[in-house]
Every structure is written in C-alpha cells, then in structure tokens.
>>> print(open('model-v1.cif').read())   # mmCIF, C-alpha atoms
data_coords
loop_
_atom_site.label_atom_id
_atom_site.label_comp_id
_atom_site.auth_asym_id
_atom_site.auth_seq_id
_atom_site.Cartn_x
_atom_site.Cartn_y
_atom_site.Cartn_z
CA MET A 1 -39.77 40.74 -10.07
CA GLN A 2 -40.25 37.15 -11.20
CA LEU A 3 -39.19 37.83 -14.79
CA PRO A 4 -35.45 37.26 -14.31
CA GLY A 5 -36.06 33.88 -12.74
CA ASP A 6 -38.61 32.99 -15.41
CA ALA A 7 -36.19 34.00 -18.13
CA GLN A 8 -33.47 31.80 -16.69
CA ARG A 9 -35.69 28.77 -16.23
CA PRO A 10 -35.43 27.54 -19.88
CA ALA A 11 -31.62 27.72 -19.74
CA THR A 12 -31.63 25.77 -16.48
CA GLN A 13 -33.96 23.17 -17.94
CA TRP A 14 -31.81 22.94 -21.07
CA ARG A 15 -28.68 22.42 -18.97
CA ASN A 16 -30.29 19.77 -16.77
CA ALA A 17 -31.76 17.97 -19.76
CA LEU A 18 -28.40 17.85 -21.51
CA MET A 19 -26.72 16.61 -18.35
CA ALA A 20 -29.28 13.79 -18.19
CA ALA A 21 -28.61 12.89 -21.83
CA TYR A 22 -24.86 12.81 -21.27
CA LEU A 23 -25.38 10.66 -18.18
CA ALA A 24 -27.49 8.23 -20.21
CA SER A 25 -24.73 8.04 -22.83
CA GLY A 26 -22.28 7.06 -20.11
CA LEU A 27 -24.68 4.42 -18.86
CA LEU A 28 -24.83 2.92 -22.33
CA ILE A 29 -21.12 2.35 -22.79
CA SER A 30 -20.42 1.21 -19.23
CA ALA A 31 -23.42 -1.13 -19.18
CA LEU A 32 -21.89 -2.94 -22.13
CA VAL A 33 -18.22 -3.04 -21.12
CA SER A 34 -18.64 -3.70 -17.40
CA ARG A 35 -20.25 -7.07 -18.23
CA LEU A 36 -17.91 -7.79 -21.15
CA PRO A 37 -16.22 -10.70 -19.33
CA ALA A 38 -19.67 -12.28 -18.96
CA VAL A 39 -20.34 -11.75 -22.68
CA ARG A 40 -17.00 -13.37 -23.47
CA ASP A 41 -17.82 -16.37 -21.30
CA ALA A 42 -21.35 -16.71 -22.68
CA LEU A 43 -20.00 -16.77 -26.22
CA ALA A 44 -16.79 -18.74 -25.39
CA LEU A 45 -14.46 -16.19 -27.02
CA ASP A 46 -10.75 -15.43 -26.72
CA HIS A 47 -9.20 -11.93 -26.71
CA ALA A 48 -8.90 -11.73 -30.49
CA SER A 49 -12.51 -12.83 -30.95
CA VAL A 50 -13.72 -10.27 -28.40
CA GLY A 51 -11.78 -7.63 -30.32
CA LEU A 52 -13.40 -8.68 -33.59
CA LEU A 53 -16.83 -8.63 -31.96
CA LEU A 54 -16.23 -5.12 -30.66
CA LEU A 55 -15.12 -4.17 -34.15
CA CYS A 56 -18.79 -4.57 -35.15
CA LEU A 57 -19.63 -1.81 -32.68
CA SER A 58 -16.79 0.29 -34.05
CA ALA A 59 -17.79 -0.29 -37.67
CA GLY A 60 -21.31 0.93 -37.00
CA SER A 61 -20.00 3.89 -35.05
CA PHE A 62 -17.51 4.96 -37.68
CA LEU A 63 -20.09 4.64 -40.45
CA SER A 64 -22.53 6.70 -38.43
CA VAL A 65 -20.12 9.36 -37.18
CA SER A 66 -18.85 9.98 -40.71
CA VAL A 67 -22.32 11.16 -41.77
CA SER A 68 -23.59 12.46 -38.44
CA GLY A 69 -22.70 16.05 -39.22
CA GLN A 70 -24.90 15.88 -42.31
CA LEU A 71 -27.73 14.34 -40.26
CA VAL A 72 -27.49 17.08 -37.64
CA LEU A 73 -27.53 19.78 -40.33
CA ARG A 74 -30.65 18.29 -41.94
CA LEU A 75 -32.67 17.06 -38.95
CA GLY A 76 -31.35 19.13 -36.06
CA ALA A 77 -29.38 17.88 -33.07
CA THR A 78 -32.45 17.20 -30.94
CA SER A 79 -34.12 14.91 -33.48
CA VAL A 80 -30.88 13.04 -34.09
CA MET A 81 -30.43 12.49 -30.35
CA ARG A 82 -33.95 11.06 -30.00
CA ILE A 83 -33.60 8.66 -32.92
CA ALA A 84 -30.03 7.61 -32.21
CA ALA A 85 -30.50 7.04 -28.47
CA THR A 86 -33.54 4.84 -29.15
CA LEU A 87 -31.55 2.80 -31.67
CA ALA A 88 -28.56 2.46 -29.33
CA GLY A 89 -30.57 1.54 -26.23
CA GLY A 90 -32.74 -0.91 -28.13
CA SER A 91 -29.67 -2.57 -29.60
CA LEU A 92 -28.13 -3.01 -26.14
CA ILE A 93 -31.26 -4.90 -25.12
CA LEU A 94 -30.90 -7.22 -28.10
CA VAL A 95 -27.19 -7.78 -27.48
CA GLY A 96 -28.21 -9.08 -24.06
CA VAL A 97 -30.76 -11.39 -25.66
CA GLY A 98 -28.20 -12.60 -28.21
CA ALA A 99 -25.57 -13.40 -25.58
CA GLY A 100 -27.70 -14.38 -22.59
CA ILE A 101 -30.40 -16.44 -24.28
CA PHE A 102 -29.13 -17.58 -27.67
CA GLY A 103 -25.36 -17.52 -27.07
CA SER A 104 -25.03 -16.28 -30.64
CA VAL A 105 -22.00 -14.35 -31.84
CA VAL A 106 -23.89 -13.41 -35.02
CA ILE A 107 -26.82 -11.84 -33.18
CA CYS A 108 -24.48 -9.95 -30.86
CA GLY A 109 -22.41 -8.72 -33.80
CA ILE A 110 -25.45 -7.45 -35.68
CA PHE A 111 -26.83 -5.51 -32.76
CA LEU A 112 -23.43 -4.21 -31.65
CA PHE A 113 -23.19 -2.77 -35.15
CA ALA A 114 -26.63 -1.20 -34.71
CA GLN A 115 -25.65 0.09 -31.27
CA GLY A 116 -22.61 1.71 -32.85
CA LEU A 117 -24.79 3.41 -35.45
CA GLY A 118 -26.89 4.99 -32.73
CA THR A 119 -24.12 5.78 -30.28
CA ALA A 120 -21.90 7.78 -32.64
CA SER A 121 -24.65 10.01 -34.05
CA TRP A 122 -26.03 10.55 -30.56
CA ASN A 123 -22.63 11.67 -29.30
CA VAL A 124 -21.99 14.08 -32.17
CA ALA A 125 -25.46 15.62 -31.78
CA SER A 126 -24.90 15.92 -28.03
CA ASN A 127 -21.68 17.81 -28.59
CA VAL A 128 -23.39 20.19 -31.02
CA GLN A 129 -26.08 20.82 -28.40
CA GLY A 130 -23.44 21.30 -25.71
CA ALA A 131 -21.49 23.75 -27.86
CA ALA A 132 -24.67 25.73 -28.49
CA MET A 133 -25.34 25.93 -24.76
CA GLU A 134 -21.75 26.98 -24.11
CA ARG A 135 -22.12 29.87 -26.56
CA ALA A 136 -25.54 30.81 -25.18
CA LEU A 137 -24.29 30.94 -21.58
CA GLY A 138 -20.91 32.47 -22.46
CA LYS A 139 -18.93 30.09 -20.24
CA SER A 140 -17.19 26.74 -20.44
CA ILE A 141 -19.60 23.94 -19.51
CA MET A 142 -18.44 21.19 -21.88
CA PRO A 143 -16.19 19.54 -19.27
CA ALA A 144 -19.13 19.49 -16.83
CA LEU A 145 -21.39 17.91 -19.45
CA HIS A 146 -18.78 15.26 -20.15
CA GLY A 147 -18.50 14.92 -16.38
CA PHE A 148 -22.10 13.75 -16.35
CA PHE A 149 -21.20 11.26 -19.07
CA SER A 150 -18.56 10.01 -16.64
CA ILE A 151 -21.10 9.92 -13.80
CA GLY A 152 -23.17 7.69 -16.03
CA THR A 153 -20.19 5.41 -16.57
CA VAL A 154 -19.57 5.27 -12.81
CA ILE A 155 -23.20 4.31 -12.17
CA GLY A 156 -23.08 1.81 -15.01
CA ALA A 157 -19.83 0.33 -13.73
CA GLY A 158 -21.35 -0.01 -10.26
CA ALA A 159 -24.41 -1.68 -11.71
CA GLY A 160 -22.14 -3.95 -13.73
CA ALA A 161 -20.15 -4.94 -10.64
CA LEU A 162 -23.37 -5.66 -8.77
CA GLY A 163 -24.77 -7.59 -11.70
CA ALA A 164 -21.58 -9.66 -11.93
CA ARG A 165 -21.59 -10.35 -8.20
CA LEU A 166 -25.25 -11.38 -8.21
CA GLN A 167 -24.79 -13.22 -11.52
CA ILE A 168 -27.75 -11.42 -13.07
CA PRO A 169 -28.32 -12.83 -16.58
CA LEU A 170 -27.15 -10.54 -19.36
CA GLN A 171 -30.57 -10.32 -20.98
CA TYR A 172 -32.06 -8.84 -17.81
CA HIS A 173 -29.15 -6.54 -17.05
CA TYR A 174 -28.87 -5.14 -20.57
CA GLY A 175 -32.64 -5.06 -20.95
CA PHE A 176 -33.21 -2.88 -17.90
CA MET A 177 -30.33 -0.54 -18.76
CA GLY A 178 -31.46 -0.17 -22.37
CA LEU A 179 -35.00 0.81 -21.38
CA LEU A 180 -33.70 3.27 -18.80
CA ILE A 181 -31.42 4.92 -21.36
CA ILE A 182 -34.17 5.32 -23.96
CA ALA A 183 -36.64 6.74 -21.44
CA THR A 184 -34.10 9.25 -20.10
CA VAL A 185 -33.25 10.72 -23.50
CA LEU A 186 -36.82 10.85 -24.82
CA PHE A 187 -37.98 12.64 -21.68
CA SER A 188 -35.09 15.09 -21.47
CA ALA A 189 -35.27 16.00 -25.18
CA ARG A 190 -38.41 18.03 -24.49
CA PHE A 191 -36.27 20.66 -22.76
CA TYR A 192 -33.39 21.07 -25.23
CA GLY A 193 -32.69 24.57 -26.51
CA GLU A 194 -32.12 25.82 -30.02
CA ASP A 195 -28.85 24.49 -31.39
CA PHE A 196 -28.97 26.48 -34.67
CA SER A 197 -27.59 23.45 -36.47
CA ARG A 198 -30.51 22.61 -38.72
CA THR A 199 -30.32 24.08 -42.21
CA PRO A 200 -32.36 23.58 -45.41
CA ARG A 201 -31.61 20.42 -47.35
CA THR A 202 -29.28 21.89 -49.97
CA SER A 203 -25.93 21.02 -51.47
CA SER A 204 -24.31 23.72 -49.31
CA ASN A 205 -24.50 21.36 -46.34
CA GLY A 206 -22.24 18.84 -47.98
CA SER A 207 -19.83 21.47 -49.27
CA SER A 208 -19.50 23.05 -45.82
CA LEU A 209 -18.58 19.66 -44.36
CA LYS A 210 -16.03 19.08 -47.13
CA LYS A 211 -14.52 22.50 -46.44
CA ALA A 212 -14.16 21.68 -42.74
CA TRP A 213 -12.18 18.55 -43.65
CA THR A 214 -9.68 20.74 -45.54
CA GLU A 215 -8.96 23.07 -42.61
CA PRO A 216 -5.54 22.11 -41.18
CA GLN A 217 -6.30 23.31 -37.65
CA THR A 218 -9.58 21.39 -37.53
CA VAL A 219 -7.97 18.16 -38.75
CA LEU A 220 -5.00 18.54 -36.39
CA LEU A 221 -7.43 19.15 -33.55
CA GLY A 222 -9.02 15.84 -34.47
CA VAL A 223 -5.65 14.08 -34.50
CA LEU A 224 -4.96 15.61 -31.08
CA VAL A 225 -8.19 14.08 -29.82
CA LEU A 226 -7.36 10.76 -31.49
CA GLY A 227 -4.66 9.73 -29.04
CA MET A 228 -6.53 10.72 -25.91
CA ALA A 229 -9.82 9.29 -27.17
CA LEU A 230 -8.08 5.98 -27.78
CA ALA A 231 -6.68 6.11 -24.25
CA GLU A 232 -10.20 6.65 -22.90
CA GLY A 233 -11.87 4.10 -25.14
CA ALA A 234 -9.27 1.42 -24.48
CA ALA A 235 -9.81 1.79 -20.75
CA GLY A 236 -13.53 1.43 -21.24
CA ASP A 237 -13.25 -1.73 -23.32
CA TRP A 238 -10.28 -3.50 -21.77
CA VAL A 239 -9.52 -2.38 -18.19
CA ALA A 240 -11.98 -4.78 -16.55
CA MET A 241 -10.70 -7.69 -18.62
CA ALA A 242 -7.05 -6.68 -18.15
CA LEU A 243 -7.51 -6.82 -14.39
CA VAL A 244 -9.26 -10.19 -14.61
CA ASP A 245 -6.79 -11.80 -17.04
CA GLY A 246 -3.59 -9.79 -16.62
CA TYR A 247 -3.72 -9.39 -12.83
CA GLN A 248 -5.58 -12.66 -12.13
CA THR A 249 -8.53 -11.10 -10.28
CA LYS A 250 -12.26 -11.84 -10.24
CA GLU A 251 -14.82 -10.26 -12.56
CA GLY A 252 -16.20 -8.08 -9.77
CA VAL A 253 -12.72 -6.67 -9.05
CA GLY A 254 -12.32 -5.88 -12.74
CA ALA A 255 -15.57 -3.90 -12.73
CA ILE A 256 -14.45 -2.04 -9.59
CA GLY A 257 -11.16 -1.15 -11.32
CA TYR A 258 -13.07 0.29 -14.24
CA GLY A 259 -15.14 2.22 -11.72
CA VAL A 260 -11.95 3.72 -10.22
CA PHE A 261 -10.94 4.90 -13.68
CA VAL A 262 -14.25 6.57 -14.47
CA ALA A 263 -14.60 8.03 -10.96
CA ALA A 264 -11.25 9.80 -11.35
CA MET A 265 -12.28 11.01 -14.79
CA THR A 266 -15.61 12.26 -13.46
CA LEU A 267 -14.17 14.24 -10.56
CA THR A 268 -11.59 15.84 -12.83
CA ARG A 269 -14.25 16.98 -15.28
CA LEU A 270 -16.55 18.35 -12.60
CA LEU A 271 -13.86 20.16 -10.58
CA SER A 272 -11.62 21.55 -13.32
CA GLY A 273 -13.52 24.74 -14.21
CA ASP A 274 -11.32 27.15 -12.25
CA LEU A 275 -8.11 25.54 -13.49
CA ILE A 276 -9.24 25.83 -17.11
CA LEU A 277 -10.05 29.50 -16.53
CA ARG A 278 -6.64 30.22 -15.00
CA MET A 279 -4.38 28.00 -17.08
CA GLY A 280 -6.13 27.81 -20.47
CA ARG A 281 -6.86 24.91 -22.78
CA VAL A 282 -3.33 24.26 -24.06
CA PHE A 283 -1.77 23.95 -20.61
CA MET A 284 -4.57 21.70 -19.37
CA ILE A 285 -4.33 19.41 -22.39
CA ARG A 286 -0.55 19.11 -21.96
CA ALA A 287 -0.92 18.33 -18.26
CA SER A 288 -3.62 15.80 -19.12
CA ALA A 289 -1.38 14.07 -21.65
CA ILE A 290 1.43 13.73 -19.08
CA SER A 291 -0.98 12.27 -16.54
CA ALA A 292 -2.44 9.83 -19.08
CA LEU A 293 1.05 8.74 -20.14
CA VAL A 294 2.10 8.00 -16.55
CA GLY A 295 -1.15 6.16 -15.78
CA VAL A 296 -1.07 3.98 -18.90
CA LEU A 297 2.56 2.96 -18.40
CA LEU A 298 2.12 2.20 -14.69
CA PHE A 299 -0.97 0.08 -15.35
CA ALA A 300 0.59 -1.81 -18.24
CA PHE A 301 4.00 -2.47 -16.73
CA GLY A 302 3.71 -1.92 -12.95
CA ASN A 303 2.92 -5.60 -12.26
CA ASN A 304 1.33 -4.79 -8.90
CA LEU A 305 -2.42 -4.81 -8.22
CA PRO A 306 -2.57 -1.92 -5.69
CA LEU A 307 -0.34 0.14 -8.00
CA ALA A 308 -2.64 -0.75 -10.89
CA PHE A 309 -5.58 0.88 -9.09
CA VAL A 310 -3.49 4.01 -8.46
CA ALA A 311 -2.50 3.99 -12.13
CA LEU A 312 -6.15 3.76 -13.18
CA ALA A 313 -6.93 6.91 -11.16
CA ILE A 314 -4.02 8.79 -12.78
CA TRP A 315 -5.05 7.47 -16.21
CA GLY A 316 -8.65 8.59 -15.66
CA MET A 317 -7.54 12.08 -14.61
CA GLY A 318 -5.36 12.29 -17.71
CA VAL A 319 -8.07 11.55 -20.28
CA ALA A 320 -10.79 13.61 -18.62
CA LEU A 321 -10.46 17.02 -20.25
CA THR A 322 -8.99 16.73 -23.74
CA PHE A 323 -12.14 15.64 -25.57
CA PRO A 324 -14.49 18.28 -24.08
CA LEU A 325 -11.88 21.03 -24.47
CA ALA A 326 -11.35 20.03 -28.09
CA MET A 327 -15.11 20.20 -28.68
CA SER A 328 -15.09 23.73 -27.24
CA ALA A 329 -12.19 24.71 -29.50
CA ALA A 330 -13.95 23.28 -32.56
CA SER A 331 -17.07 25.34 -31.79
CA ASP A 332 -15.36 28.70 -31.14
CA ASP A 333 -16.88 30.06 -34.34
CA PRO A 334 -20.66 29.48 -34.08
CA VAL A 335 -21.11 29.74 -37.86
CA HIS A 336 -18.97 26.65 -38.46
CA ALA A 337 -19.49 24.90 -35.13
CA ALA A 338 -21.63 21.98 -36.40
CA THR A 339 -19.29 21.04 -39.25
CA ARG A 340 -16.07 21.42 -37.23
CA VAL A 341 -17.47 19.49 -34.27
CA SER A 342 -18.49 16.78 -36.73
CA VAL A 343 -14.95 16.53 -38.16
CA VAL A 344 -13.24 16.43 -34.77
CA SER A 345 -15.85 14.00 -33.45
CA THR A 346 -15.42 11.72 -36.47
CA ILE A 347 -11.68 11.43 -35.88
CA GLY A 348 -12.02 11.22 -32.11
CA TYR A 349 -14.83 8.68 -32.01
CA GLY A 350 -13.13 6.70 -34.77
CA ALA A 351 -10.19 6.24 -32.40
CA PHE A 352 -12.40 5.85 -29.32
CA LEU A 353 -14.41 3.07 -30.91
CA GLY A 354 -12.15 1.64 -33.60
CA GLY A 355 -8.85 1.54 -31.74
CA PRO A 356 -9.80 -0.69 -28.77
CA PRO A 357 -10.93 -3.65 -30.92
CA LEU A 358 -7.63 -3.50 -32.80
CA LEU A 359 -5.88 -3.62 -29.44
CA GLY A 360 -7.59 -6.98 -28.90
CA LEU A 361 -5.88 -8.32 -32.01
CA LEU A 362 -2.55 -6.90 -30.83
CA ALA A 363 -3.15 -8.47 -27.41
CA GLU A 364 -3.19 -11.93 -28.97
CA VAL A 365 0.37 -11.31 -30.16
CA ILE A 366 2.03 -9.44 -27.29
CA GLY A 367 -0.45 -9.78 -24.40
CA LEU A 368 -3.23 -7.51 -23.21
CA LEU A 369 -1.26 -5.36 -20.77
CA PRO A 370 1.60 -4.59 -23.22
CA ALA A 371 -1.02 -3.83 -25.89
CA LEU A 372 -2.56 -1.24 -23.58
CA GLY A 373 0.92 0.16 -22.98
CA SER A 374 1.27 0.87 -26.70
CA ILE A 375 -1.35 3.62 -26.33
CA SER A 376 1.37 5.79 -24.80
CA ILE A 377 2.76 6.52 -28.27
CA LEU A 378 -0.39 8.33 -29.38
CA VAL A 379 -0.66 10.14 -26.04
CA VAL A 380 2.74 11.68 -26.78
CA VAL A 381 1.44 12.77 -30.19
CA ALA A 382 -1.51 14.45 -28.47
CA PHE A 383 0.88 16.37 -26.23
CA CYS A 384 2.80 17.63 -29.27
CA LEU A 385 -0.38 18.86 -31.01
CA SER A 386 -1.89 20.61 -27.98
CA SER A 387 -1.35 24.13 -29.36
CA ASN A 388 -4.15 23.51 -31.90
CA ALA A 389 -6.69 23.91 -29.07
CA ALA A 390 -5.61 27.48 -28.33
CA GLY A 391 -8.87 29.00 -29.58
CA SER A 392 -7.47 31.20 -32.30
CA ARG A 393 -10.68 31.24 -34.30
CA ALA A 394 -13.58 33.63 -33.99
CA GLY A 395 -15.09 33.48 -30.58
CA GLY A 396 -11.91 32.69 -28.66
CA GLU A 397 -11.99 30.58 -25.54
CA PRO A 398 -15.28 30.82 -23.63
CA LYS A 399 -15.15 32.01 -20.10
CA ALA A 400 -15.15 29.28 -17.50
#
>>> encode(input="model-v1.cif", output="structure tokens")
Amino acid sequence: MQLPGDAQRPATQWRNALMAAYLASGLLISALVSRLPAVRDALALDHASVGLLLLCLSAGSFLSVSVSGQLVLRLGATSVMRIAATLAGGSLILVGVGAGIFGSVVICGIFLFAQGLGTASWNVASNVQGAAMERALGKSIMPALHGFFSIGTVIGAGAGALGARLQIPLQYHYGFMGLLIIATVLFSARFYGEDFSRTPRTSSNGSSLKKAWTEPQTVLLGVLVLGMALAEGAAGDWVAMALVDGYQTKEGVGAIGYGVFVAAMTLTRLLSGDLILRMGRVFMIRASAISALVGVLLFAFGNNLPLAFVALAIWGMGVALTFPLAMSAASDDPVHAATRVSVVSTIGYGAFLGGPPLLGLLAEVIGLLPALGSISILVVVAFCLSSNAAGSRAGGEPKA
C-alpha cells in the first residue's frame, strides 16, 4: 500500500527542487537590482553610465543564451544549471567586492559580464527542466515555477530594502546572497528528474537548433515574449531608481516599490492556474498585455506617488504570465522542446537583459520615466502576436 506514495515521491522531490532553483534565480536578479542605487553611488555614475554598466550583464547574457540550447543538448539541463548558477552567484559576490571595496567600474563590469554568462544559461536550462516536468505530470506548472522565481525576487527585494536601510556594505550583502544562491542550486540539483535534453555530441544538435530558428511560429513566439520580457526586465532594473530619482523618494522606498511589483507578479503566477485552464493561453496573454500597458503608462506619466504604487501592482500582474505560458507553448512537442525553448528564451532573455540598459541611454535624452513609458509600444506588439501561443503543435496545451 506504500507503493503509490513511494512512486510519487521522486516527482514531488523534483518539483520542490525546481521550485528552489527558480527561487534562487529570483534572488540573484533582485539582490543585484535592489541595491543598484547604492552601486551607482559607490561608483559615482549617472543614468547613462549605469545603463552602460548593465549592458555588460546583458552582453554576457546574450552571448550565453545564444549557445545555451547547444550546451543543454550536450551536457544536460542539470549539469548546465549547476555550472551556470555557480558562475552567476560567484560573480555577484565579486561585483560586491568591486563596488563596495575597490569602487571600480572595470571590476564590476567584468563580473557583471560573467554573471550574465551564468544567468542566461541557468535560466534556459531551468525552463527545459520545467517543460520536462510539465510533460511528465501532464499539467501546467510553468507559471507556478516562475511564481517561485518571483518569490525569490520578493525576498531579494525585501533583503535589499533592509540592507539599504541598515546601510550594509555591498560586499557583505552581495557576498551573503551569492553564497546562498550557489548552495541552494547545488543542493537541489540532486533531486532533478530526467529532462531528456542531453543528446550525443553530433552535428545534428546544431542543425536542429538552426531548424528551430527557421520556424515562423517559434520565432514569432519569441517576438511575442520580447515585449513582455522587456516590460519585466525594465521594472527589475529601473523601478527602484525611477522612484528615487523620478518621484524624489529615498532608496528604501524605491526598493519597497520594486517589492510591490514583484509581489503582484508572484501572486498572479501562483493563483492563475484555474484561469489558464478555463480561458486558455491566448486570452490570458492578451489580458496580461492590457494590464501591463495600463500599469506602464500610469507609472510613467501618472505623476503621483500613491498612484505609482498602484501602477506597479497592475504592471506586475500584466507581465506575470506571458513568459511561462510561452515556454509551455514552445515545449508542446517534446521532441523539439529543448531547441524551441532555446530559441524563444534567446529572444526573450535578449530583451529582458539587453533592453533595460538601452533604456538607460534613452533616459539621458528624455528622462527615466518617459523612457519606461516607451515600453508600451512593444507591449502592444505582444498583444497582436498572442495567437502564436495557441498550442497548435503536437502535444497541445497541457492541462492546468
């Protein structure tokens, strides 16, 4: 009579381990951005210079994400997650040393680049693992997994606000968070399930990736993700600073504002399962785009601090579901899941990580809040492309 429970235990361990890894990924990004005003002050940078510094992170991420599908095919998602999370967490520690001890833009730039290398491959491998679990369980769990990413960002934002309030030096704050992130992933990786992504090292791996880049629906799915990923990434990089500089608040208030954004995103991801089941991916992505559009415009042009916090909640709800639902759509066919997830992730993370630094350059010309408002254009594009997530490929939409 114990066999059913015993049989389910590995799946439960796999799920919990993946949730822990997603949480650690959220900790990584929020640990960095929640103390970004302190990094700016330590390095004496303006908005454009902060944008250029973050471009180092984006450059590493884009370089890594463009080959991450190949790495996952050759090494397996679990191995890539171990290696990449160690690189990313270790680099965060050294960014703290570079800013907090040496005050060196060069050191920070080098290790932000290294952090980007680790972060992007880690995220692609995590999505391949999550897609494998979704197929194994026969239900939609990707939004919940990304919900734990958001929980990590909430915790990280809270830690950032506390660190700012207590004026904890960056080297200690980033050092502790980096070690915690590495330990979490290395421990949880022992319980990951089979992702079926690893294949022999042959030329067919490269050709399968090239073929995925020629599939119109896959590429359009990536473009769909692009706008919403930029809306999410821009909030992560710039909301705290926009509140400090654009709304003339303190650093701690900026971190709290970022926490409002990620809290709304988290709750939406964790509580949306029934709605996805009833309404389907396309409807939910369209509703998300409308919410994101309203939130972005209210935050950028509302010119009222209480309204800005309301706008951040609406904005967070709007960007919550598109990325995980797109990952599910890309993995509908298990045979091509790894390559298609890689393509969509490459486009999405390129926008998530590359777009926000460019917004910093735009902010020097038109101001930070109007620069954030410009995101609304790509959100409208995402709304128009939502039908590409309908799940027309083999496998259909998983049950929620």
>>> resolve_selection(input="model-v1.cif", expression="the PyMOL selection byres ((chain A and resi 375-387) around 9)", output="number ranges by chain")
A: 220-221, 223-228, 230-231, 234, 281-283, 285-290, 292-294, 296-297, 371-374, 388-391
>>> resolve_selection(input="model-v1.cif", expression="the PyMOL selection byres ((chain A and resi 213) around 12)", output="PyMOL selection string")
chain A and resi 66+69+206-212+214-222+336+339-347
>>> atom_distance(input="model-v1.cif", atom1="atom CA of A:Phe149", atom2="atom CA of A:Phe323")
12.0 Å
>>> residues_around(input="model-v1.cif", residues="A:Leu358", least_positions_apart="5", cutoff="8 Å", atoms="all atoms listed in the file", output="PDB file with C-alpha atoms, in the coordinates of the input")
ATOM      1  CA  GLY A  51     -11.780  -7.630 -30.320  1.00  0.00           C
ATOM      2  CA  LEU A  52     -13.400  -8.680 -33.590  1.00  0.00           C
ATOM      3  CA  LEU A  55     -15.120  -4.170 -34.150  1.00  0.00           C
TER       4      LEU A  55
END
>>> residues_around(input="model-v1.cif", residues="stretch 153-169 of chain A", least_positions_apart="3", cutoff="8 Å", atoms="all atoms listed in the file", output="VMD selection string")
chain A and resid 23 26 to 31 34 to 35 38 100 149 to 150 172 to 173 251 to 253 255 to 256 258 to 259 262 to 263
>>> closest_residue(input="model-v1.cif", among="A:Val365, A:Leu298, A:Leu53, A:Ala189", to="A:Gln13", atoms="all atoms listed in the file")
A:Ala189
>>> atom_distance(input="model-v1.cif", atom1="atom CA of A:Tyr174", atom2="atom CA of A:Gly96")
5.3 Å
>>> closest_residue(input="model-v1.cif", among="A:Leu145, A:Leu267, A:Ala326, A:Ala24", to="A:Gln129", atoms="only C-alpha atoms")
A:Leu145
>>> atom_distance(input="model-v1.cif", atom1="atom CA of A:Val50", atom2="atom CA of A:Leu117")
19.0 Å
>>> resolve_selection(input="model-v1.cif", expression="the PyMOL selection byres ((chain A and resi 239) around 10)", output="short mmCIF file (atom, residue, chain, number, x, y, z; two decimals) with C-alpha atoms, in the coordinates of the input")
data_model
loop_
_atom_site.label_atom_id
_atom_site.label_comp_id
_atom_site.auth_asym_id
_atom_site.auth_seq_id
_atom_site.Cartn_x
_atom_site.Cartn_y
_atom_site.Cartn_z
CA VAL A 33 -18.22 -3.04 -21.12
CA SER A 34 -18.64 -3.70 -17.40
CA GLY A 233 -11.87 4.10 -25.14
CA ALA A 234 -9.27 1.42 -24.48
CA ALA A 235 -9.81 1.79 -20.75
CA GLY A 236 -13.53 1.43 -21.24
CA ASP A 237 -13.25 -1.73 -23.32
CA TRP A 238 -10.28 -3.50 -21.77
CA ALA A 240 -11.98 -4.78 -16.55
CA MET A 241 -10.70 -7.69 -18.62
CA ALA A 242 -7.05 -6.68 -18.15
CA LEU A 243 -7.51 -6.82 -14.39
CA VAL A 244 -9.26 -10.19 -14.61
CA ASP A 245 -6.79 -11.80 -17.04
CA GLY A 246 -3.59 -9.79 -16.62
CA GLY A 254 -12.32 -5.88 -12.74
CA ALA A 255 -15.57 -3.90 -12.73
CA ILE A 256 -14.45 -2.04 -9.59
CA GLY A 257 -11.16 -1.15 -11.32
CA TYR A 258 -13.07 0.29 -14.24
CA GLY A 259 -15.14 2.22 -11.72
CA PHE A 261 -10.94 4.90 -13.68
CA PHE A 299 -0.97 0.08 -15.35
CA LEU A 312 -6.15 3.76 -13.18
CA LEU A 368 -3.23 -7.51 -23.21
CA LEU A 369 -1.26 -5.36 -20.77
CA LEU A 372 -2.56 -1.24 -23.58
#
>>> residues_near_point(input="model-v1.cif", point="(-26.1, 13.6, -17.3)", cutoff="12 Å", atoms="only C-alpha atoms", output="VMD selection string")
chain A and resid 14 to 28 126 130 142 to 155 181 184 to 185 188 266 270
>>> closest_residue(input="model-v1.cif", among="A:Ile107, A:Ala131, A:Cys56, A:Ala125", to="A:Leu75", atoms="all atoms listed in the file")
A:Ala125
>>> closest_residue(input="model-v1.cif", among="A:Ala183, A:Leu92, A:Val128, A:Met133", to="A:Ser68", atoms="only C-alpha atoms")
A:Val128
>>> closest_residue(input="model-v1.cif", among="A:Ala308, A:Ile314, A:Ala337, A:Ala88", to="A:Arg135", atoms="only C-alpha atoms")
A:Ala337
>>> closest_residue(input="model-v1.cif", among="A:Ser331, A:Gly280, A:Leu43, A:Ala136", to="A:Thr12", atoms="all atoms listed in the file")
A:Ala136
>>> residues_near_point(input="model-v1.cif", point="(-26.4, 11.7, -41.4)", cutoff="12 Å", atoms="all atoms listed in the file", output="JSON, numbers by chain")
{"A": [61, 62, 63, 64, 65, 66, 67, 68, 69, 70, 71, 72, 73, 74, 75, 76, 77, 79, 80, 81, 83, 84, 117, 118, 120, 121, 122, 124, 125, 198, 201, 205, 206, 209, 339, 342]}
>>> axis_aligned_box(input="model-v1.cif", around="stretch 248-266 of chain A", padding_each_side="5 Å", output="lines of an AutoDock Vina configuration file")
center_x = -10.9
center_y = -0.2
center_z = -11.9
size_x = 20.6
size_y = 34.9
size_z = 15.7
